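Student: model-v6.csv (CSV, C-alpha atoms) pasted underneath:
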```csv
chain,number,residue,atom,x,y,z
I,70,MET,CA,-25.4,-19.1,-23.3
I,71,ILE,CA,-22.0,-19.0,-21.7
I,72,ASP,CA,-19.6,-21.9,-22.2
I,73,TRP,CA,-18.5,-22.3,-18.6
I,74,GLY,CA,-16.3,-25.2,-19.6
I,75,LEU,CA,-14.3,-22.8,-21.9
I,76,ALA,CA,-14.2,-20.2,-19.1
I,77,VAL,CA,-12.7,-22.6,-16.6
I,78,LYS,CA,-10.3,-23.8,-19.3
I,79,ILE,CA,-9.2,-20.2,-19.9
I,80,LEU,CA,-8.7,-19.7,-16.1
I,81,PHE,CA,-6.7,-22.9,-15.7
I,82,PHE,CA,-4.5,-22.4,-18.8
I,83,GLY,CA,-4.1,-18.7,-18.2
I,84,LEU,CA,-2.9,-19.1,-14.6
I,85,SER,CA,-0.8,-22.1,-15.5
I,86,ALA,CA,0.8,-20.3,-18.4
I,87,VAL,CA,1.5,-17.2,-16.3
I,88,PHE,CA,3.0,-19.0,-13.4
I,89,SER,CA,4.9,-21.6,-15.4
I,90,SER,CA,6.4,-19.1,-17.8
I,91,LEU,CA,7.5,-16.8,-15.1
I,92,ALA,CA,8.9,-19.8,-13.0
I,93,LEU,CA,10.9,-21.0,-16.0
I,94,LEU,CA,12.1,-17.4,-16.5
I,95,ILE,CA,13.2,-17.3,-12.9
I,96,GLY,CA,15.1,-20.5,-13.4
I,97,ALA,CA,16.7,-19.3,-16.6
I,98,ILE,CA,17.8,-16.0,-14.9
I,99,TYR,CA,19.4,-17.9,-12.0
I,100,ALA,CA,21.0,-20.3,-14.5
I,101,PHE,CA,22.6,-17.8,-16.8
I,102,GLY,CA,23.6,-15.7,-13.7
I,103,LYS,CA,25.5,-18.7,-12.4
I,104,ILE,CA,27.0,-19.5,-15.8
I,105,LEU,CA,28.2,-15.9,-16.3
I,106,LYS,CA,29.6,-15.7,-12.7
I,107,HIS,CA,31.5,-19.0,-13.4
I,108,MET,CA,32.9,-17.6,-16.7
I,109,GLU,CA,34.0,-14.4,-15.0
I,110,GLU,CA,35.8,-16.4,-12.2
I,111,GLU,CA,37.4,-18.7,-14.8
I,112,SER,CA,38.7,-15.7,-16.7
I,113,LYS,CA,40.3,-14.3,-13.5
N,56,MET,CA,-28.3,24.7,-46.3
N,57,VAL,CA,-28.7,24.4,-42.6
N,58,LEU,CA,-29.1,20.6,-42.9
N,59,THR,CA,-25.6,20.4,-44.4
N,60,THR,CA,-24.1,21.7,-41.1
N,61,GLY,CA,-23.1,19.6,-38.2
N,62,VAL,CA,-25.2,21.7,-35.9
N,63,ALA,CA,-28.4,20.4,-37.5
N,64,HIS,CA,-27.3,16.8,-36.8
N,65,LEU,CA,-26.1,17.2,-33.2
N,66,THR,CA,-27.6,14.8,-30.7
N,67,ILE,CA,-27.8,14.8,-27.0
N,68,GLY,CA,-25.4,11.8,-27.1
N,69,ASN,CA,-22.8,14.0,-29.0
N,70,LEU,CA,-23.1,16.7,-26.3
N,71,VAL,CA,-22.6,14.2,-23.5
N,72,MET,CA,-19.5,12.8,-25.2
N,73,TRP,CA,-18.2,16.3,-25.6
N,74,LEU,CA,-18.5,16.7,-21.8
N,75,ILE,CA,-16.7,13.5,-21.3
N,76,ALA,CA,-14.0,14.6,-23.7
N,77,PHE,CA,-13.6,17.9,-21.9
N,78,PHE,CA,-13.5,16.1,-18.6
N,79,PHE,CA,-10.7,13.8,-19.7
N,80,ILE,CA,-8.7,16.8,-21.1
N,81,TYR,CA,-9.3,18.7,-17.8
N,82,LEU,CA,-8.1,15.7,-15.8
N,83,ALA,CA,-5.0,15.4,-18.0
N,84,ILE,CA,-4.0,19.1,-17.9
N,85,THR,CA,-5.0,20.2,-14.4
N,86,LYS,CA,-4.6,17.0,-12.4
N,87,ASN,CA,-1.8,15.5,-14.6
N,88,TYR,CA,-3.7,12.1,-14.9
N,89,GLU,CA,-2.0,10.2,-17.7
N,90,PRO,CA,-1.8,13.3,-19.9
N,91,LEU,CA,0.1,11.6,-22.7
N,92,LEU,CA,-2.9,9.4,-23.3
N,93,LEU,CA,-5.9,11.3,-22.0
N,94,VAL,CA,-5.2,14.5,-24.0
N,95,PRO,CA,-5.3,12.6,-27.4
N,96,ILE,CA,-8.0,10.3,-26.2
N,97,GLY,CA,-10.1,13.3,-25.1
N,98,PHE,CA,-9.6,15.1,-28.4
N,99,GLY,CA,-10.3,12.0,-30.4
N,100,ILE,CA,-13.6,11.7,-28.5
N,101,LEU,CA,-14.4,15.3,-29.5
N,102,MET,CA,-13.5,14.7,-33.1
N,103,VAL,CA,-15.6,11.6,-33.6
N,104,ASN,CA,-18.6,13.2,-32.0
N,105,LEU,CA,-18.7,16.0,-34.5
N,106,PRO,CA,-21.6,15.2,-36.9
N,107,LEU,CA,-21.1,14.8,-40.6
N,108,THR,CA,-17.3,14.9,-40.5
N,109,TYR,CA,-17.2,11.2,-41.4
N,110,LEU,CA,-13.8,10.9,-39.6
N,111,MET,CA,-14.6,7.3,-38.7
N,112,GLU,CA,-16.2,6.5,-42.1
N,113,GLU,CA,-15.0,3.0,-43.0
N,114,GLY,CA,-12.5,3.1,-45.8
N,115,GLU,CA,-12.3,6.9,-46.0
N,116,GLY,CA,-12.2,8.7,-42.6
N,117,LEU,CA,-8.9,9.9,-41.2
N,118,LEU,CA,-9.5,8.5,-37.8
N,119,TRP,CA,-10.7,5.2,-39.3
N,120,ARG,CA,-7.4,4.9,-41.1
N,121,PHE,CA,-5.5,5.5,-37.8
N,122,TYR,CA,-7.7,2.9,-36.1
N,123,HIS,CA,-7.7,0.3,-38.9
N,124,TYR,CA,-4.0,0.5,-39.9
N,125,GLY,CA,-2.7,1.2,-36.4
N,126,LEU,CA,-4.9,-0.9,-34.2
N,127,GLU,CA,-6.7,-3.5,-36.3
N,128,TRP,CA,-3.5,-4.3,-38.1
N,129,GLU,CA,-1.8,-4.7,-34.7
N,130,ILE,CA,0.9,-2.2,-35.5
N,131,ILE,CA,0.6,0.4,-32.7
N,132,PRO,CA,0.6,-1.7,-29.5
N,133,PRO,CA,3.7,-3.7,-30.4
N,134,LEU,CA,5.5,-0.4,-31.3
N,135,ILE,CA,4.5,1.0,-27.9
N,136,PHE,CA,6.0,-2.1,-26.4
N,137,LEU,CA,9.2,-1.6,-28.4
N,138,GLY,CA,9.5,1.9,-26.8
N,139,LEU,CA,8.6,0.5,-23.4
N,140,GLY,CA,11.3,-2.1,-23.6
N,141,ALA,CA,13.8,0.6,-24.5
N,142,MET,CA,12.8,2.5,-21.4
N,143,THR,CA,12.6,-0.4,-18.9
N,144,ASP,CA,15.4,-1.4,-16.6
N,145,PHE,CA,15.1,-5.0,-15.7
N,146,ALA,CA,18.1,-5.0,-13.4
N,147,PRO,CA,16.1,-5.1,-10.1
N,148,MET,CA,14.2,-8.1,-11.3
N,149,ILE,CA,17.4,-9.9,-12.6
N,150,ALA,CA,19.0,-9.1,-9.2
N,151,ASN,CA,16.2,-10.9,-7.3
N,152,PRO,CA,14.4,-13.2,-9.7
N,153,LYS,CA,12.0,-14.7,-7.2
N,154,THR,CA,10.1,-11.4,-7.0
N,155,LEU,CA,9.2,-12.2,-10.6
N,156,ILE,CA,6.5,-14.5,-9.3
N,157,LEU,CA,4.7,-11.6,-7.7
N,158,GLY,CA,4.1,-10.3,-11.2
N,159,ALA,CA,2.2,-13.6,-11.8
N,160,GLY,CA,0.2,-13.3,-8.5
N,161,ALA,CA,-1.1,-9.9,-9.6
N,162,GLN,CA,-2.8,-11.5,-12.6
N,163,PHE,CA,-5.4,-13.1,-10.3
N,164,GLY,CA,-7.5,-10.0,-10.5
N,165,VAL,CA,-7.7,-10.5,-14.3
N,166,TYR,CA,-9.5,-13.8,-13.8
N,167,VAL,CA,-11.7,-12.5,-11.0
N,168,ALA,CA,-12.9,-9.7,-13.3
N,169,PHE,CA,-13.2,-12.2,-16.1
N,170,PHE,CA,-15.7,-14.4,-14.2
N,171,GLY,CA,-17.4,-11.3,-12.8
N,172,ALA,CA,-18.0,-10.0,-16.3
N,173,LEU,CA,-19.4,-13.4,-17.4
N,174,ILE,CA,-21.8,-13.3,-14.5
N,175,LEU,CA,-22.9,-9.9,-15.5
N,176,GLY,CA,-23.8,-11.3,-18.9
N,177,PHE,CA,-20.8,-10.4,-21.1
N,178,LYS,CA,-19.7,-13.0,-23.6
N,179,ILE,CA,-16.3,-14.8,-23.2
N,180,PRO,CA,-14.3,-12.6,-25.6
N,181,GLU,CA,-15.8,-9.5,-23.9
N,182,ALA,CA,-15.0,-10.8,-20.5
N,183,CYS,CA,-11.4,-11.4,-21.5
N,184,SER,CA,-11.1,-7.8,-22.7
N,185,ILE,CA,-12.6,-6.6,-19.4
N,186,GLY,CA,-10.5,-9.0,-17.3
N,187,ILE,CA,-7.2,-7.9,-18.8
N,188,ILE,CA,-7.8,-4.4,-17.4
N,189,GLY,CA,-6.6,-5.9,-14.1
N,190,GLY,CA,-3.2,-6.3,-15.7
N,191,ALA,CA,-3.0,-2.5,-15.6
N,192,ASP,CA,-1.3,-2.4,-19.0
N,193,GLY,CA,-2.8,0.0,-21.5
N,194,PRO,CA,-1.3,-1.4,-24.8
N,195,THR,CA,-2.0,-5.0,-23.8
N,196,THR,CA,-5.6,-4.1,-22.9
N,197,ILE,CA,-5.9,-2.4,-26.3
N,198,TYR,CA,-4.3,-5.2,-28.2
N,199,THR,CA,-6.5,-7.8,-26.6
N,200,THR,CA,-9.7,-5.8,-27.0
N,201,VAL,CA,-9.1,-5.0,-30.6
N,202,HIS,CA,-9.0,-8.7,-31.3
N,203,LEU,CA,-11.7,-10.0,-29.0
N,204,ALA,CA,-14.2,-7.2,-28.4
N,205,PRO,CA,-13.4,-4.1,-30.6
N,206,HIS,CA,-16.8,-2.5,-29.7
N,207,LEU,CA,-15.5,-2.2,-26.1
N,208,LEU,CA,-12.1,-0.7,-27.0
N,209,GLY,CA,-13.0,2.8,-25.9
N,210,ALA,CA,-14.4,1.7,-22.5
N,211,THR,CA,-11.6,-0.8,-21.7
N,212,ALA,CA,-8.8,1.5,-22.8
N,213,VAL,CA,-10.1,4.5,-20.8
N,214,ALA,CA,-10.8,2.3,-17.8
N,215,ALA,CA,-7.3,0.8,-17.9
N,216,TYR,CA,-5.5,4.2,-18.2
N,217,SER,CA,-7.8,5.9,-15.7
N,218,TYR,CA,-7.2,3.2,-13.1
N,219,MET,CA,-3.4,3.3,-13.8
N,220,SER,CA,-3.4,7.0,-13.0
N,221,LEU,CA,-5.5,6.3,-9.9
N,222,VAL,CA,-3.1,3.7,-8.5
N,223,PRO,CA,-1.9,6.0,-5.7
N,224,ILE,CA,-5.5,6.3,-4.6
N,225,ILE,CA,-6.8,2.7,-5.2
N,226,GLN,CA,-3.9,0.7,-3.9
N,227,PRO,CA,-3.0,2.2,-0.4
N,228,PRO,CA,-6.2,1.2,1.4
N,229,ILE,CA,-5.9,-2.3,0.1
N,230,MET,CA,-2.3,-2.4,1.1
N,231,ARG,CA,-3.1,-1.2,4.7
N,232,LEU,CA,-6.0,-3.7,5.0
N,233,LEU,CA,-3.9,-6.7,4.1
N,234,THR,CA,-0.6,-6.0,5.9
N,235,THR,CA,0.3,-5.4,9.5
N,236,GLU,CA,2.6,-2.5,10.6
N,237,ASN,CA,5.4,-5.0,11.3
N,238,GLU,CA,5.1,-6.5,7.8
N,239,ARG,CA,5.2,-3.1,6.3
N,240,LYS,CA,8.5,-2.5,8.1
N,241,ILE,CA,10.3,-5.5,6.7
N,242,LYS,CA,13.6,-4.5,5.4
N,243,MET,CA,15.0,-6.3,2.3
N,244,ARG,CA,18.6,-6.9,1.5
N,245,GLN,CA,20.1,-4.4,-0.9
N,246,VAL,CA,19.7,-5.3,-4.5
N,247,ARG,CA,23.0,-6.8,-5.9
N,248,PRO,CA,24.6,-5.2,-8.9
N,249,VAL,CA,23.7,-6.8,-12.2
N,250,SER,CA,26.3,-7.2,-14.9
N,251,LYS,CA,26.0,-5.9,-18.5
N,252,ARG,CA,26.1,-9.4,-19.8
N,253,GLU,CA,23.1,-10.4,-17.7
N,254,LYS,CA,21.2,-7.4,-18.9
N,255,ILE,CA,21.9,-8.3,-22.5
N,256,LEU,CA,21.1,-12.0,-22.1
N,257,PHE,CA,17.8,-11.3,-20.3
N,258,PRO,CA,15.7,-10.1,-23.3
N,259,LEU,CA,17.1,-12.9,-25.4
N,260,VAL,CA,16.2,-15.6,-22.9
N,261,THR,CA,12.9,-14.0,-22.0
N,262,VAL,CA,11.6,-13.9,-25.6
N,263,LEU,CA,12.6,-17.6,-26.1
N,264,VAL,CA,11.0,-18.8,-22.9
N,265,ILE,CA,7.8,-16.8,-23.1
N,266,CYS,CA,7.1,-17.1,-26.8
N,267,LEU,CA,7.7,-20.8,-26.8
N,268,ILE,CA,5.2,-21.3,-24.0
N,269,VAL,CA,2.6,-18.8,-25.2
N,270,PRO,CA,3.2,-18.1,-28.9
N,271,ALA,CA,0.2,-15.7,-29.0
N,272,SER,CA,2.1,-13.3,-26.8
N,273,ALA,CA,4.9,-13.0,-29.4
N,274,PRO,CA,3.9,-9.7,-31.0
N,275,LEU,CA,4.0,-7.8,-27.8
N,276,MET,CA,6.7,-9.8,-26.0
N,277,ALA,CA,9.1,-9.9,-28.9
N,278,MET,CA,8.9,-6.2,-29.5
N,279,PHE,CA,9.2,-5.5,-25.7
N,280,MET,CA,12.4,-7.5,-25.6
N,281,LEU,CA,13.8,-6.1,-28.8
N,282,GLY,CA,13.4,-2.6,-27.3
N,283,ASN,CA,15.2,-3.8,-24.2
N,284,LEU,CA,18.0,-5.3,-26.2
N,285,PHE,CA,18.4,-2.0,-28.0
N,286,LYS,CA,18.8,-0.4,-24.6
N,287,GLU,CA,21.1,-2.8,-23.0
N,288,CYS,CA,23.5,-3.8,-25.8
N,289,GLY,CA,24.8,-0.3,-26.0
N,290,VAL,CA,25.8,-0.4,-29.6
N,291,VAL,CA,22.5,0.9,-31.2
N,292,LYS,CA,22.0,4.0,-29.1
N,293,ARG,CA,20.3,5.8,-32.1
N,294,LEU,CA,17.7,3.0,-32.3
N,295,SER,CA,17.2,2.9,-28.6
N,296,ASP,CA,16.8,6.7,-28.5
N,297,ALA,CA,14.4,6.6,-31.4
N,298,ALA,CA,12.3,3.8,-29.9
N,299,SER,CA,12.0,5.4,-26.5
N,300,ASN,CA,11.5,9.0,-27.8
N,301,GLU,CA,10.4,9.8,-31.3
N,302,LEU,CA,8.7,6.5,-32.2
N,303,MET,CA,7.1,6.2,-28.8
N,304,ASN,CA,5.7,9.7,-29.0
N,305,ILE,CA,4.4,9.3,-32.5
N,306,VAL,CA,2.6,6.0,-31.8
N,307,THR,CA,1.2,7.4,-28.5
N,308,ILE,CA,-0.4,10.2,-30.4
N,309,LEU,CA,-1.9,7.8,-32.9
N,310,LEU,CA,-3.0,5.4,-30.2
N,311,GLY,CA,-4.7,8.0,-28.1
N,312,VAL,CA,-6.6,9.5,-31.1
N,313,SER,CA,-7.6,6.1,-32.4
N,314,VAL,CA,-8.9,5.0,-29.0
N,315,GLY,CA,-10.8,8.2,-28.6
N,316,ALA,CA,-12.2,7.8,-32.1
N,317,THR,CA,-14.0,4.6,-31.1
N,318,MET,CA,-16.0,6.5,-28.5
N,319,SER,CA,-18.8,7.8,-30.5
N,320,ALA,CA,-22.0,8.4,-28.6
N,321,GLU,CA,-23.8,5.4,-30.0
N,322,HIS,CA,-20.9,3.0,-29.1
N,323,PHE,CA,-20.1,4.5,-25.7
N,324,LEU,CA,-23.3,5.6,-24.0
N,325,LYS,CA,-24.5,2.1,-23.0
N,326,TRP,CA,-25.0,0.4,-19.7
N,327,GLU,CA,-22.3,-2.2,-20.5
N,328,VAL,CA,-19.7,0.6,-20.4
N,329,ILE,CA,-20.5,1.3,-16.8
N,330,PHE,CA,-20.1,-2.4,-16.0
N,331,VAL,CA,-16.8,-2.4,-17.8
N,332,PHE,CA,-15.6,0.4,-15.5
N,333,ILE,CA,-16.9,-1.4,-12.4
N,334,MET,CA,-15.3,-4.7,-13.3
N,335,GLY,CA,-12.1,-2.9,-14.3
N,336,LEU,CA,-11.9,-1.5,-10.8
N,337,VAL,CA,-12.6,-5.0,-9.3
N,338,ALA,CA,-9.8,-6.4,-11.5
N,339,PHE,CA,-7.4,-3.8,-10.3
N,340,ALA,CA,-8.3,-4.2,-6.6
N,341,PHE,CA,-8.0,-8.0,-6.7
N,342,SER,CA,-4.7,-7.8,-8.6
N,343,THR,CA,-3.3,-5.6,-5.9
N,344,ALA,CA,-4.6,-7.8,-3.1
N,345,ALA,CA,-3.4,-11.0,-4.8
N,346,GLY,CA,0.1,-9.7,-5.2
N,347,ILE,CA,0.3,-8.8,-1.5
N,348,VAL,CA,-1.2,-12.1,-0.4
N,349,LEU,CA,1.3,-14.0,-2.6
N,350,ALA,CA,4.2,-12.2,-1.1
N,351,LYS,CA,3.0,-13.1,2.4
N,352,PHE,CA,2.6,-16.7,1.3
N,353,MET,CA,6.1,-16.7,0.0
N,354,ASN,CA,7.4,-15.5,3.3
N,355,LEU,CA,6.2,-18.8,4.9
N,356,PHE,CA,8.9,-20.6,2.8
N,357,THR,CA,11.7,-18.1,2.3
N,358,LYS,CA,14.5,-17.4,4.7
N,359,GLU,CA,14.9,-13.8,3.5
N,360,LYS,CA,11.6,-12.1,4.1
N,361,ILE,CA,9.9,-10.2,1.3
N,362,ASN,CA,8.1,-7.0,2.3
N,363,PRO,CA,4.6,-7.7,1.2
N,364,LEU,CA,4.1,-4.2,0.0
N,365,ILE,CA,6.1,-4.9,-3.1
N,366,GLY,CA,3.5,-7.6,-4.0
N,367,SER,CA,1.1,-4.9,-5.0
N,368,ALA,CA,3.7,-3.6,-7.5
N,369,GLY,CA,3.0,-6.7,-9.5
N,370,VAL,CA,0.2,-4.6,-11.0
N,371,SER,CA,2.1,-3.4,-14.0
N,372,ALA,CA,1.5,0.3,-13.8
N,373,VAL,CA,5.2,1.1,-14.2
N,374,PRO,CA,6.6,2.8,-12.2
N,375,MET,CA,3.7,4.2,-10.3
N,376,ALA,CA,2.8,1.0,-8.5
N,377,ALA,CA,6.4,0.6,-7.4
N,378,ARG,CA,6.4,4.2,-6.1
N,379,VAL,CA,3.3,3.5,-4.1
N,380,SER,CA,5.1,0.5,-2.5
N,381,GLN,CA,8.0,2.8,-1.6
N,382,LEU,CA,5.6,5.4,-0.2
N,383,MET,CA,3.7,3.0,2.0
N,384,GLY,CA,7.0,1.4,3.2
N,385,SER,CA,8.5,4.7,4.1
N,386,LYS,CA,5.4,5.7,6.0
N,387,ALA,CA,5.9,2.6,8.2
N,388,ASP,CA,9.7,3.1,8.4
N,389,PRO,CA,11.2,6.2,6.9
N,390,LYS,CA,14.6,4.4,6.5
N,391,ASN,CA,13.0,1.6,4.4
N,392,PHE,CA,13.7,2.0,0.7
N,393,LEU,CA,11.6,-0.4,-1.3
N,394,LEU,CA,11.5,1.3,-4.7
N,395,MET,CA,14.2,-0.9,-6.4
N,396,HIS,CA,12.8,-4.0,-4.8
N,397,ALA,CA,9.3,-3.1,-6.0
N,398,MET,CA,10.5,-2.5,-9.6
N,399,GLY,CA,11.2,-6.2,-9.9
N,400,PRO,CA,7.5,-7.3,-9.6
N,401,ASN,CA,6.4,-4.1,-11.3
N,402,VAL,CA,8.1,-5.0,-14.6
N,403,ALA,CA,7.4,-8.7,-14.1
N,404,GLY,CA,3.8,-7.8,-14.0
N,405,VAL,CA,4.1,-6.5,-17.6
N,406,ILE,CA,5.4,-9.8,-18.7
N,407,GLY,CA,2.7,-11.6,-16.7
N,408,THR,CA,-0.1,-9.5,-18.3
N,409,VAL,CA,1.2,-10.2,-21.8
N,410,VAL,CA,1.2,-13.9,-21.1
N,411,ALA,CA,-2.3,-13.7,-19.7
N,412,ALA,CA,-3.4,-11.8,-22.8
N,413,GLY,CA,-1.7,-14.4,-25.0
N,414,VAL,CA,-3.8,-17.2,-23.5
N,415,PHE,CA,-7.0,-15.1,-23.8
N,416,LEU,CA,-6.2,-14.6,-27.5
N,417,ALA,CA,-5.3,-18.2,-28.1
N,418,LEU,CA,-8.4,-19.6,-26.4
N,419,ALA,CA,-11.1,-17.0,-26.9
N,420,GLY,CA,-10.0,-15.5,-30.2
```
Show me this structure written as structure tokens.

Tutor:
Amino acid sequence: MIDWGLAVKILFFGLSAVFSSLALLIGAIYAFGKILKHMEEESK
Amino acid sequence: MVLTTGVAHLTIGNLVMWLIAFFFIYLAITKNYEPLLLVPIGFGILMVNLPLTYLMEEGEGLLWRFYHYGLEWEIIPPLIFLGLGAMTDFAPMIANPKTLILGAGAQFGVYVAFFGALILGFKIPEACSIGIIGGADGPTTIYTTVHLAPHLLGATAVAAYSYMSLVPIIQPPIMRLLTTENERKIKMRQVRPVSKREKILFPLVTVLVICLIVPASAPLMAMFMLGNLFKECGVVKRLSDAASNELMNIVTILLGVSVGATMSAEHFLKWEVIFVFIMGLVAFAFSTAAGIVLAKFMNLFTKEKINPLIGSAGVSAVPMAARVSQLMGSKADPKNFLLMHAMGPNVAGVIGTVVAAGVFLALAG
């Protein structure tokens, strides 16, 4: 007997985790890119 | 005397598996289909289907030791990822981070196949192992399956690697179906140069972000990023070289032979294996389609248009899926160079698949 509740939970958490972790990573890349660019401009 | 020979104990199943082994070796050598994996896998299948050799005898067999200490102890897939990280250039992705999300879109196929497998009668852990084939990542498929459905290891691993090598055949019809000629001609701005500091920071930031959100993905993700840090920091060239060459080659041999060793006749010649292959193909196709559709959806909101062909590269068959995007783009417009743009979603797809696997392991393990 399949636990459809667990299956839906896996779908929901799986897609949420994939999208949210990659979205956070995108934000982090933009953020450290800006910080590094600012640091390079300051050192010039 | 005769009864002590393997000949006396050969079964039809053994002979069928020999044919399958020879077929894989043939594909690898003559057609160049994933030879690094299919040659050892094919030979492993041959070895395990030799009667009375006890190569997979629990506690004693040579192949059992490779399988138990390499795969069941979760050593080999993370070491493969260490090597992959040392070979991967994340610069195209860092240069255009929004394409990372296409690596997420391509995970939809994983869940389509997951539900498809459930409908076909597989249990949840088995469906997870089948679904993850859609991520098009061999080591992640193996890592997930060893935990959740080890009896399906041979089928899922062979399906994953087979479809990865068939990407140039599977993807183009789907890409043509879901895109217009004009969309395929979209030119993207040249990828900006990425500084060394950004490339060094990337693996450190990524391991923190991903492992804090999905701790179960840590073994694969951390080793992936460690390998990448070896590559980018520039001060441990010996370690980077070893990870991407000697170590990678050694664990690839052990991986292939171990996977092949799980494909004895009694474990592989079952109807469920055929369903695994069918659902694996479904997963692949839907992942390709979802990546393209997500790229088209993003174009509704972005000023700079994304060529939707790079969406299909979110299927993490690196770098083949990116090359297919380039090929299809250049067919529409020979002056369009999409390869570096497609590499972004391509490597992002590896991260996405590891996250998806982490959730499977956390909830179904």

Student: Neighbours of range 272-274 of chain N within 6 Å (all atoms listed in the file; same-chain residues fewer than 6 positions away dropped), as number ranges by chain?

Tutor: N: 266, 409-410, 413

Student: Taking only residues of chain I that have an atom at most 9 Å from an atom of chain N, what is each one's shortest atom pair and its distance in Å to one decimal, using all atoms listed in the file, in chain and number order, as JSON lines?

Tutor:
```
{"residue": "I:Met70", "atom": "CA", "partner": "N:Lys178", "partner_atom": "CA", "distance": 8.4}
{"residue": "I:Ile71", "atom": "CA", "partner": "N:Lys178", "partner_atom": "CA", "distance": 6.7}
{"residue": "I:Asp72", "atom": "CA", "partner": "N:Ile179", "partner_atom": "CA", "distance": 7.9}
{"residue": "I:Leu75", "atom": "CA", "partner": "N:Leu418", "partner_atom": "CA", "distance": 8.1}
{"residue": "I:Ala76", "atom": "CA", "partner": "N:Ile179", "partner_atom": "CA", "distance": 7.1}
{"residue": "I:Lys78", "atom": "CA", "partner": "N:Leu418", "partner_atom": "CA", "distance": 8.5}
{"residue": "I:Ile79", "atom": "CA", "partner": "N:Leu418", "partner_atom": "CA", "distance": 6.6}
{"residue": "I:Leu80", "atom": "CA", "partner": "N:Tyr166", "partner_atom": "CA", "distance": 6.4}
{"residue": "I:Phe82", "atom": "CA", "partner": "N:Val414", "partner_atom": "CA", "distance": 7.0}
{"residue": "I:Gly83", "atom": "CA", "partner": "N:Val414", "partner_atom": "CA", "distance": 5.5}
{"residue": "I:Leu84", "atom": "CA", "partner": "N:Ala411", "partner_atom": "CA", "distance": 7.5}
{"residue": "I:Ala86", "atom": "CA", "partner": "N:Val410", "partner_atom": "CA", "distance": 7.0}
{"residue": "I:Val87", "atom": "CA", "partner": "N:Gly407", "partner_atom": "CA", "distance": 5.7}
{"residue": "I:Phe88", "atom": "CA", "partner": "N:Ala159", "partner_atom": "CA", "distance": 5.7}
{"residue": "I:Ser89", "atom": "CA", "partner": "N:Ile268", "partner_atom": "CA", "distance": 8.6}
{"residue": "I:Ser90", "atom": "CA", "partner": "N:Ile265", "partner_atom": "CA", "distance": 5.9}
{"residue": "I:Leu91", "atom": "CA", "partner": "N:Ile156", "partner_atom": "CA", "distance": 6.3}
{"residue": "I:Ala92", "atom": "CA", "partner": "N:Ile156", "partner_atom": "CA", "distance": 6.9}
{"residue": "I:Leu93", "atom": "CA", "partner": "N:Val264", "partner_atom": "CA", "distance": 7.2}
{"residue": "I:Leu94", "atom": "CA", "partner": "N:Thr261", "partner_atom": "CA", "distance": 6.5}
{"residue": "I:Ile95", "atom": "CA", "partner": "N:Pro152", "partner_atom": "CA", "distance": 5.3}
{"residue": "I:Gly96", "atom": "CA", "partner": "N:Pro152", "partner_atom": "CA", "distance": 8.2}
{"residue": "I:Ala97", "atom": "CA", "partner": "N:Val260", "partner_atom": "CA", "distance": 7.3}
{"residue": "I:Ile98", "atom": "CA", "partner": "N:Ile149", "partner_atom": "CA", "distance": 6.5}
{"residue": "I:Tyr99", "atom": "CA", "partner": "N:Pro152", "partner_atom": "CA", "distance": 7.2}
{"residue": "I:Phe101", "atom": "CA", "partner": "N:Glu253", "partner_atom": "CA", "distance": 7.5}
{"residue": "I:Gly102", "atom": "CA", "partner": "N:Glu253", "partner_atom": "CA", "distance": 6.7}
{"residue": "I:Leu105", "atom": "CA", "partner": "N:Glu253", "partner_atom": "CA", "distance": 7.6}
```

Student: Give me the residues within 8 Å of Ala210 in chain N as a PDB file with C-alpha atoms, in the frame of the given file, counting all atoms listed in the file and dropping any in the same chain fewer than 4 places off.

Tutor:
```
ATOM      1  CA  ALA N 214     -10.800   2.300 -17.800  1.00  0.00           C
ATOM      2  CA  MET N 318     -16.000   6.500 -28.500  1.00  0.00           C
ATOM      3  CA  PHE N 323     -20.100   4.500 -25.700  1.00  0.00           C
ATOM      4  CA  VAL N 328     -19.700   0.600 -20.400  1.00  0.00           C
ATOM      5  CA  VAL N 331     -16.800  -2.400 -17.800  1.00  0.00           C
ATOM      6  CA  PHE N 332     -15.600   0.400 -15.500  1.00  0.00           C
TER       7      PHE N 332
END
```

Student: Please, what distance in Å, to one decimal, runs between CA of Gly164 in chain N and CA of Leu309 in chain N?

Tutor: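 If I compute the distance from CA of Gly164 in chain N to CA of Leu309 in chain N, I get 29.2 Å.
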
Student: Please list, as a list in words, the residues that have an atom at most 7 Å away from (2.6, 0.4, -22.7) in the coordinates of this file, counting all atoms listed in the file.

Tutor: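 Protein, DNA and RNA residues close to (2.6, 0.4, -22.7): Ile135, Phe136, Leu139, Asp192, Gly193 and Pro194 of chain N.
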
Student: If we count only C-alpha atoms and set the cut-off at 10 Å, which residues sit around Ala83 in chain N, ignoring sequence neighbours fewer than 4 positions away in its own chain? Please answer as a PDB file with C-alpha atoms, in the frame of the given file.

Tutor:
```
ATOM      1  CA  PHE N  77     -13.600  17.900 -21.900  1.00  0.00           C
ATOM      2  CA  PHE N  78     -13.500  16.100 -18.600  1.00  0.00           C
ATOM      3  CA  PHE N  79     -10.700  13.800 -19.700  1.00  0.00           C
ATOM      4  CA  ASN N  87      -1.800  15.500 -14.600  1.00  0.00           C
ATOM      5  CA  TYR N  88      -3.700  12.100 -14.900  1.00  0.00           C
ATOM      6  CA  GLU N  89      -2.000  10.200 -17.700  1.00  0.00           C
ATOM      7  CA  PRO N  90      -1.800  13.300 -19.900  1.00  0.00           C
ATOM      8  CA  LEU N  91       0.100  11.600 -22.700  1.00  0.00           C
ATOM      9  CA  LEU N  92      -2.900   9.400 -23.300  1.00  0.00           C
ATOM     10  CA  LEU N  93      -5.900  11.300 -22.000  1.00  0.00           C
ATOM     11  CA  VAL N  94      -5.200  14.500 -24.000  1.00  0.00           C
ATOM     12  CA  PRO N  95      -5.300  12.600 -27.400  1.00  0.00           C
ATOM     13  CA  GLY N  97     -10.100  13.300 -25.100  1.00  0.00           C
ATOM     14  CA  SER N 220      -3.400   7.000 -13.000  1.00  0.00           C
TER      15      SER N 220
END
```
